[in-house]
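Q: Structure incoming, see below.
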Amino acid sequence: SGRRVMTDVRVVVPYRAVDQHRADSWAWVCRWWKSHFPEWPITIADSGAEPFNRGASRNQAMRLSNESVLIIADADTIPDYAAVARGVHMVDTGQAPWVIPYDGNGRTREGRYYNLSETATKARLRFPPDPLVQIVEPWDTDDYEHKLCSWAGCLIVRRVDAFAAGGYPEFPEWGYEDDCFRTALDMVAGQHQRVPGFCLHLWHPSTEAQRFGNPAIEANRAIFMEYKRARTQQQMAAVVAVHGGLAHPGR
């Protein structure tokens with residue numbers, strides 16, 4: 001295609017094989033990355049915390065990386081190849097401070113981030129990812145549970161900015177860590193841009209916290225509100241110093 005693909009990029013993924021389905025999903029997603037972008041190394045990390053800590057695992061993966069551009073991706077998410085390539089180019093050339101490689105309508109909260117159903121997920125995992133066979137966006141005929149205007153799943157950022165934003169808060173249970181990091185990045189790096197594209201989130205069995213609610217979710221939300229209230233670089237730096245996992249090396 002004649003496009004220049006950067007080599008100074010790393011894909012970082014928080015991951016733990018808690019069940020066979022997640023192991024199979026990650027094997028598939030990992031093959032997708034390797035077949036489409038073979039020149040980019042992949043780091044998976046697990047902080048070892050119980051229960052699995054996404055924020056701490058992402059921070060660990062970022063600490064293990066030296067590349068100037070990082071793609072922070074989830075183990076159960078398949079982004080759009082063209083959107084990732086374009087987003088990396090934009091971040092690399094300074095056209096965008098950081099990029100979310102799928103778009104959506106923030107007003108209606110409807111985006112092109114599809115939560116696939118169990119049936120649709122298993123159908124996709126049956127065929128090996130092949131760069132010649134495009135992963136296509138599911139239309140209304142496909143089997144997805146809902147689509148939402150998300151900012152998780154996959155983002156493209158300069159490593160220096162991810163560290164300046166403090167990385168992710170290391171909440172003991174999931175919820176709001178993506179929102180905190182996004183808010184800090186928008187302040188310290190500059191407002192994110194979206195590029196046209198879609199993202200597929202593979203179905204997996206729910207954790208107990210997802211099924212019954214995370215008892216700590218309100219505490220996480222209160223910390224997110226601290227991020228939201230920061231109006232200056234100085235205020236954000238103070239919030240990040242307390243809550244950002246990468247603001248505490250080796251913690």
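Quick note on naming: the chains in the structure tokens go A, B, ... in the order shown, residues restart at 1 in each chain, and ligands are numbered from 1 in order of appearance.
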Which residues of segment 30-132 of chain A sit at most 7 Å from segment 190-210 of chain A, using only C-alpha atoms? Give each one's shortest atom pair and distance in Å (one decimal place), in chain and ascending residue order, as CSV.

A:
```
residue,atom,partner,partner_atom,distance
A:Asp76,CA,A:Leu202,CA,5.3
A:Thr77,CA,A:His201,CA,4.6
A:Ile78,CA,A:Leu200,CA,5.1
A:Pro79,CA,A:Cys199,CA,4.4
A:Asp80,CA,A:Phe198,CA,5.6
A:Ala83,CA,A:Gly197,CA,5.3
A:Gly87,CA,A:Val195,CA,6.7
A:Ala96,CA,A:Gln193,CA,6.4
A:Pro97,CA,A:Gly190,CA,5.6
A:Trp98,CA,A:His192,CA,5.0
A:Val99,CA,A:Gln193,CA,5.0
A:Ile100,CA,A:Arg194,CA,4.9
A:Pro101,CA,A:Val195,CA,5.2
A:Tyr102,CA,A:Gly197,CA,4.1
A:Asp103,CA,A:Pro196,CA,5.2
A:Arg112,CA,A:Phe198,CA,4.8
A:Tyr113,CA,A:Cys199,CA,4.7
A:Tyr114,CA,A:Leu200,CA,5.0
A:Asn115,CA,A:His201,CA,4.9
A:Leu116,CA,A:Leu202,CA,5.5
A:Ser117,CA,A:Trp203,CA,5.6
A:Glu118,CA,A:Trp203,CA,5.2
A:Thr121,CA,A:Leu202,CA,5.5
```

Q: Tell me which of A:Gly104, A:Pro131, A:Gly94, A:Pro169 sits closest to Asn59 of chain A, counting only C-alpha atoms.

A: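 Comparing A:Gly104, A:Pro131, A:Gly94, A:Pro169 against Asn59 of chain A, the winner is A:Pro169.
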
Q: Compile the contact shell of Ser25 of chain A as an MDAnalysis selection string: residues with an atom at most 8 Å away, counting only C-alpha atoms, same-chain residues fewer than 3 positions apart removed.

A: chainID A and resid 21:22 28:29 75:76 125 202

Q: Of the candidates A:Leu70, A:Val11, A:Leu155, A:Glu170, which shows the shortest atom-to-atom distance to Ala49 of chain A, using only C-alpha atoms?

A: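 For Ala49 of chain A, the nearest of the given residues is A:Glu170.
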
Q: Under the rule that only C-alpha atoms are counted, which of A:Ile217, A:Ala17, A:Val69, A:Val136 is the nearest residue to Ala45 of chain A?

A: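 Result for the nearest residue to Ala45 of chain A: A:Ala17.
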
Q: DSSP on the backbone, then: every residue of segment 4-243 of chain A marked helix (DSSP H, G or I), written as a PyMOL selection string.

A: chain A and resi 20-36+54-63+81-92+118-125+159-164+177-188+208-212+217-229+233-243

Q: I want to know what sits within 10 Å of Cys180 of chain A, based on only C-alpha atoms, with residues of the same chain fewer than 3 positions away left out; could you give that as a list in words?

A: Ala165, Gly166, Gly167, Tyr168, Pro169, Gly175, Tyr176, Glu177, Thr183, Ala184, Leu185, Asn220, Arg221, Ile223, Phe224, Met225, Glu226, Tyr227, Lys228, Val240, His243 and Gly244 of chain A

Q: Would you write out those residues with C-alpha atoms, as a PDB file, in the first residue's frame?

A:
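Output file result_17.pdb is given in full below:
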```pdb
ATOM      1  CA  ALA A 165      -0.635  11.540  32.826  1.00  0.00           C
ATOM      2  CA  GLY A 166       0.422   9.193  35.643  1.00  0.00           C
ATOM      3  CA  GLY A 167      -0.749   6.047  33.906  1.00  0.00           C
ATOM      4  CA  TYR A 168      -3.832   4.345  35.293  1.00  0.00           C
ATOM      5  CA  PRO A 169      -5.092   4.473  38.875  1.00  0.00           C
ATOM      6  CA  GLY A 175     -14.383   0.747  36.990  1.00  0.00           C
ATOM      7  CA  TYR A 176     -13.432   4.340  36.093  1.00  0.00           C
ATOM      8  CA  GLU A 177      -9.689   3.753  35.611  1.00  0.00           C
ATOM      9  CA  THR A 183      -9.148  12.897  31.540  1.00  0.00           C
ATOM     10  CA  ALA A 184      -5.508  13.265  32.617  1.00  0.00           C
ATOM     11  CA  LEU A 185      -4.243  12.687  29.055  1.00  0.00           C
ATOM     12  CA  ASN A 220     -13.521   4.815  42.212  1.00  0.00           C
ATOM     13  CA  ARG A 221     -16.038   7.325  40.890  1.00  0.00           C
ATOM     14  CA  ILE A 223     -11.492   9.656  42.512  1.00  0.00           C
ATOM     15  CA  PHE A 224     -12.583  10.140  38.890  1.00  0.00           C
ATOM     16  CA  MET A 225     -14.394  13.319  40.021  1.00  0.00           C
ATOM     17  CA  GLU A 226     -11.066  14.591  41.400  1.00  0.00           C
ATOM     18  CA  TYR A 227      -9.588  14.152  37.915  1.00  0.00           C
ATOM     19  CA  LYS A 228     -12.589  15.891  36.374  1.00  0.00           C
ATOM     20  CA  VAL A 240      -1.981  12.313  39.369  1.00  0.00           C
ATOM     21  CA  HIS A 243      -3.716   8.447  42.271  1.00  0.00           C
ATOM     22  CA  GLY A 244      -1.685   7.718  39.123  1.00  0.00           C
TER      23      GLY A 244
END
```

Q: Could you pull out the residues in segment 14-234 of chain A that DSSP calls strand (DSSP E) from the backbone, as a PyMOL selection string?

A: chain A and resi 14+42-45+69-73+77-79+98-100+104-105+110-111+113-116+144-148+154-158+193-194+199-201

Q: List the neighbours of Gln134 of chain A out to 10 Å using only C-alpha atoms; skip same-chain residues closer than 5 positions along the sequence, and give me the result as a PyMOL selection string.

A: chain A and resi 80-82+129

Q: Quick one: pull the distance between atom CA of Arg231 of chain A and atom CA of Ile156 of chain A, Å, one decimal.

A: 23.7 Å

Q: Between A:Ile72, A:Leu132, A:Met187, A:Ala61, which one has atoms that come closest to Val88 of chain A, using only C-alpha atoms?

A: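 Looking at the shortest contact to Val88 of chain A, the residue is A:Ile72.
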
Q: Measuring between only C-alpha atoms, which one of A:Gln60, A:Phe52, A:Trp139, A:Val188 shows the shortest distance to Val18 of chain A?

A: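 Of A:Gln60, A:Phe52, A:Trp139, A:Val188, the one nearest Val18 of chain A is A:Phe52, counting only C-alpha atoms.
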
Q: Which one is closest to Ala189 of chain A: A:Phe171, A:Arg158, A:Ser150, A:Ile135? Count only C-alpha atoms.

A: A:Arg158
